[in-house]
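All remarks here apply to the structure that follows.
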Number of protein chains: 2
Amino acid sequence: MPQVLISEVGPRDGLQAIARTMPTPHKHAWIASLAGAGLREIEVCSFVPPKLLPQMADAAEVVAHAKTISGLMVTVLVPNLKGAQAAFASGVDKITIPFSASEAHSLSNVRKTHSQMLKEVSDILALRQSDYPRIAVEASLSTAFGCSIAGNVPEALVVALAEKLVAIGVDEVGLADTTGYANPGQVRRLFDQVRAQVGERCASAHMHNTRGLGLANAFAAYEAGIRIFDSSMGGIGGCPFAPGASGNVVTEDLVFMFESMGVSTGVDLEKLFAAREVFAKGLPNEPTYGMVPTAGLPKGFVPAEGLSAQ
Amino acid sequence: MPQVLISEVGPRDGLQAIARTMPTPHKHAWIASLAGAGLREIEVCSFVPPKLLPQMADAAEVVAHAKTISGLMVTVLVPNLKGAQAAFASGVDKITIPFSASEAHSLSNVRKTHSQMLKEVSDILALRQSDYPRIAVEASLSTAFGCSIAGNVPEALVVALAEKLVAIGVDEVGLADTTGYANPGQVRRLFDQVRAQVGERCASAHMHNTRGLGLANAFAAYEAGIRIFDSSMGGIGGCPFAPGASGNVVTEDLVFMFESMGVSTGVDLEKLFAAREVFAKGLPNEPTYGMVPTAGLPKGFVPAEGLSAQ
């Protein structure tokens, strides 16, 4: 078993940040190539009004295709109960609900207070409980490390929200650096604090590379015991609603960091590089990022599984 | 006192990697602006044959000007005894001698074996001892984390070389990731091993961002107790002799990482951003890098000294 799980968010987080729409058959091919590289969890789309994000209008179709890929955990993002109903009906394995730790960001992003968001999550959990008991529900605490509207977000508030979300029944709480404000010391401290209250339910880190600290923050989260990391192929995407925020951690570079540390991801880097070409066919000339794809693997590079076999 | 020392290498490492030569008065102005931003140690040039690196032909003049800046530790790079003689005579505070941990890299770079390099360092130390006792001598173990010619560089070899260099009298040994091969786990492990043998004499980390891990590696080195970090403004430079290697850690991003962690650097970020413009006047249209200068400081950002005062 790989030692960390890289949860690829490019097909959702990346594609919804790009104005053009990738044609559905190209989405199928790209997601298949990502899974073929060894990514075991992919956030394939979001269930949101097509008027708001026309790039995601084919969500149900994308889920149906992704579910044909053996062994793939198919996850989607849903902002509210209506999205959850459609997502559950589509047959996903897991949904992620973004929950802004900054109330100012929540009001700006989904026009809901914390109380209203907790009510929304409760309604989603009730629906899951009654009709879809096998589908996992994650809440992702966005702006957990700072907010481009409010500035500082108190650490005690993030801990309290994580406790409330676990108390009402979410399976997993993630911390997300939506704005690229996080630093490694803060990342370790906040994960330590949240995990002291909710334990392993606080499982995942979603870091941005807006200020270059994405991998340093991922390493700090790993040091704090986190083993699930969101990232996007080519670094596409970010949060379109947080002014000044951009730049997911690049999956290729994140996988390289762990593999070179001897921490197995289950992902084949050469196949991952090849998946970039499948993406480029679906959205020609769209810029992608990544240092390792450009620089190449080090001479004599041995991935984690090879290291442990030596 | 600031908690970490950022040793700016742009005027040497950066300028020697750029084909064009920055005019001497512009070098003076740029170095002054870097010092004015709070950088207390600057590697201002290298003493090498002008035929090899014409960009450094004004080395003595650059040192003379830098020495007029109050409180600045003026350091230079020298590859051999001849360079050291000129550097010592110029009145520097410190010299750094690059020493390839990979013998293949050493042969390719300076055409010397490890034995020959140790002899060269001994000769330099003898000259320092007799004529310039106040000038500090650092050896920088380049390719310490891997070599683009030899691939793997055994950790035991790096430890043994550090021990030898300290035994013959260098004041300080640094570890340099010349090729951008390092990962955070390896960085912490190797610094721990070297420091177990030579203690505080192993003092500095020179990381490259070739594969995006520069800041993660700097954080790992900090975790291992390192408090001196090389970096270059705008990320200019790298090692022109290591094929495929490029990209120093960006000073602006490194300072941001530490300051946002509450670790004081003594550097004013806004003044550092302004120094980029002084550089641009000296080398118009030369590309520079840096995520924080592009994204801007986070809303409500408080530097380390402000944090400790709160």
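By convention in this document, the chains of the structure tokens carry letters A, B, ... by their order, each chain's residues are numbered from 1, and ligands are numbered from 1 in the order they are shown.
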Problem set entry | Selection: 9 Å around range 108-117 of chain A, only C-alpha atoms, excl. self and same-chain fewer than 5 positions, as JSON, numbers by chain | {"A": [79, 80, 99, 100, 101, 102, 103, 122, 149, 161, 241, 242]}
If we count only C-alpha atoms, what is near Ala162 in chain A at a cut-off of 9 Å, once residues fewer than 5 positions away on the same chain are taken out, given as a PDB file with N, CA and C atoms, in the first residue's frame?
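Wrote it out as part.pdb, contents follow:
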```pdb
ATOM      1  N   ALA A 139     -15.762  17.572   4.758  1.00  0.00           N
ATOM      2  CA  ALA A 139     -15.848  19.040   4.759  1.00  0.00           C
ATOM      3  C   ALA A 139     -14.436  19.581   4.653  1.00  0.00           C
ATOM      4  N   LEU A 141     -12.232  22.793   5.196  1.00  0.00           N
ATOM      5  CA  LEU A 141     -12.223  24.123   5.816  1.00  0.00           C
ATOM      6  C   LEU A 141     -11.331  25.062   5.003  1.00  0.00           C
ATOM      7  N   LEU A 157     -10.879  29.326  16.057  1.00  0.00           N
ATOM      8  CA  LEU A 157     -12.100  29.228  15.259  1.00  0.00           C
ATOM      9  C   LEU A 157     -12.036  28.017  14.332  1.00  0.00           C
ATOM     10  N   ALA A 167     -18.729  16.585  14.950  1.00  0.00           N
ATOM     11  CA  ALA A 167     -19.838  16.284  15.867  1.00  0.00           C
ATOM     12  C   ALA A 167     -21.148  16.037  15.103  1.00  0.00           C
ATOM     13  N   VAL A 173     -12.451  15.886   7.886  1.00  0.00           N
ATOM     14  CA  VAL A 173     -12.291  17.336   7.761  1.00  0.00           C
ATOM     15  C   VAL A 173     -10.909  17.606   7.180  1.00  0.00           C
ATOM     16  N   GLY A 174     -10.857  18.430   6.138  1.00  0.00           N
ATOM     17  CA  GLY A 174      -9.569  18.841   5.580  1.00  0.00           C
ATOM     18  C   GLY A 174      -9.327  20.305   5.873  1.00  0.00           C
ATOM     19  N   VAL A 194      -5.889  20.822  15.540  1.00  0.00           N
ATOM     20  CA  VAL A 194      -7.160  20.231  15.101  1.00  0.00           C
ATOM     21  C   VAL A 194      -7.153  18.734  15.380  1.00  0.00           C
ATOM     22  N   GLN A 197      -8.012  17.559  18.773  1.00  0.00           N
ATOM     23  CA  GLN A 197      -9.448  17.544  19.117  1.00  0.00           C
ATOM     24  C   GLN A 197     -10.231  16.480  18.353  1.00  0.00           C
ATOM     25  N   VAL A 198      -9.926  16.284  17.075  1.00  0.00           N
ATOM     26  CA  VAL A 198     -10.769  15.369  16.280  1.00  0.00           C
ATOM     27  C   VAL A 198      -9.988  14.175  15.744  1.00  0.00           C
ATOM     28  N   CYS A 202      -9.373  14.534  10.986  1.00  0.00           N
ATOM     29  CA  CYS A 202      -8.690  15.616  10.259  1.00  0.00           C
ATOM     30  C   CYS A 202      -7.576  14.958   9.454  1.00  0.00           C
TER      31      CYS A 202
END
```
For this session: Identify all chain A residues at most 8 Å from chain B by counting only C-alpha atoms; ligands do not count. Present them as an NGL selection string.
Result: :A and (147-152 or 181 or 183-186 or 210-213 or 215-217 or 219 or 244-245 or 253 or 257 or 260-261 or 290-292 or 295 or 298-301)
Can you spit out the residues from that selection as an mmCIF file, in the first residue's frame, using C-alpha atoms?
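Everything below was put into result-v3.cif:
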```cif
data_model
loop_
_atom_site.group_PDB
_atom_site.id
_atom_site.type_symbol
_atom_site.label_atom_id
_atom_site.label_comp_id
_atom_site.auth_asym_id
_atom_site.auth_seq_id
_atom_site.Cartn_x
_atom_site.Cartn_y
_atom_site.Cartn_z
ATOM 1 C CA CYS A 147 -8.427 35.081 4.265
ATOM 2 C CA SER A 148 -7.913 37.650 1.535
ATOM 3 C CA ILE A 149 -11.002 39.506 2.804
ATOM 4 C CA ALA A 150 -10.702 39.201 6.596
ATOM 5 C CA GLY A 151 -6.932 38.722 6.859
ATOM 6 C CA ASN A 152 -6.152 36.664 9.943
ATOM 7 C CA TYR A 181 -1.331 32.516 3.063
ATOM 8 C CA ASN A 183 3.496 28.980 6.255
ATOM 9 C CA PRO A 184 5.090 25.714 7.392
ATOM 10 C CA GLY A 185 5.158 26.592 11.091
ATOM 11 C CA GLN A 186 1.469 27.523 11.065
ATOM 12 C CA THR A 210 0.430 31.216 -4.577
ATOM 13 C CA ARG A 211 3.473 32.403 -2.622
ATOM 14 C CA GLY A 212 5.784 29.498 -3.438
ATOM 15 C CA LEU A 213 5.274 27.667 -0.150
ATOM 16 C CA LEU A 215 5.472 22.067 -1.113
ATOM 17 C CA ALA A 216 7.046 23.375 2.103
ATOM 18 C CA ASN A 217 3.544 23.468 3.589
ATOM 19 C CA PHE A 219 5.971 18.718 3.907
ATOM 20 C CA GLY A 244 -5.488 37.312 -5.623
ATOM 21 C CA ALA A 245 -5.539 33.576 -4.976
ATOM 22 C CA ASP A 253 6.146 18.165 -8.106
ATOM 23 C CA MET A 257 8.844 15.301 -3.385
ATOM 24 C CA SER A 260 12.304 11.139 -3.621
ATOM 25 C CA MET A 261 11.856 11.147 0.171
ATOM 26 C CA GLY A 290 5.456 22.197 -12.830
ATOM 27 C CA MET A 291 9.178 22.292 -12.136
ATOM 28 C CA VAL A 292 9.908 18.549 -12.338
ATOM 29 C CA ALA A 295 13.767 19.964 -15.269
ATOM 30 C CA PRO A 298 17.377 13.530 -11.357
ATOM 31 C CA LYS A 299 20.008 11.222 -12.796
ATOM 32 C CA GLY A 300 19.715 7.842 -11.089
ATOM 33 C CA PHE A 301 16.329 8.743 -9.575
#
```
For this session: Once DSSP has gone over the backbone, tell me which residues of range 65-194 of chain B are in strand (DSSP E), as a PyMOL selection string.
Result: chain B and resi 73-77+94-100+136-142+172-176
Exercise. Could you pull the residues within 12 Å of Asn285 in chain A, counting only C-alpha atoms, minus those fewer than 3 positions along the same chain, as a list of chain:residue names?
Worked result: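 Using only C-alpha atoms, the neighbours found are A:Ile18, A:Arg20, A:Arg276, A:Glu277, A:Phe279, A:Ala280, A:Lys281, A:Gly282, A:Thr288.
For the residues A:Met207, A:Leu52, A:Ala126, A:Met22, ranking by smallest atom-to-atom distance to Tyr222 in chain A using only C-alpha atoms places A:Met207 first.
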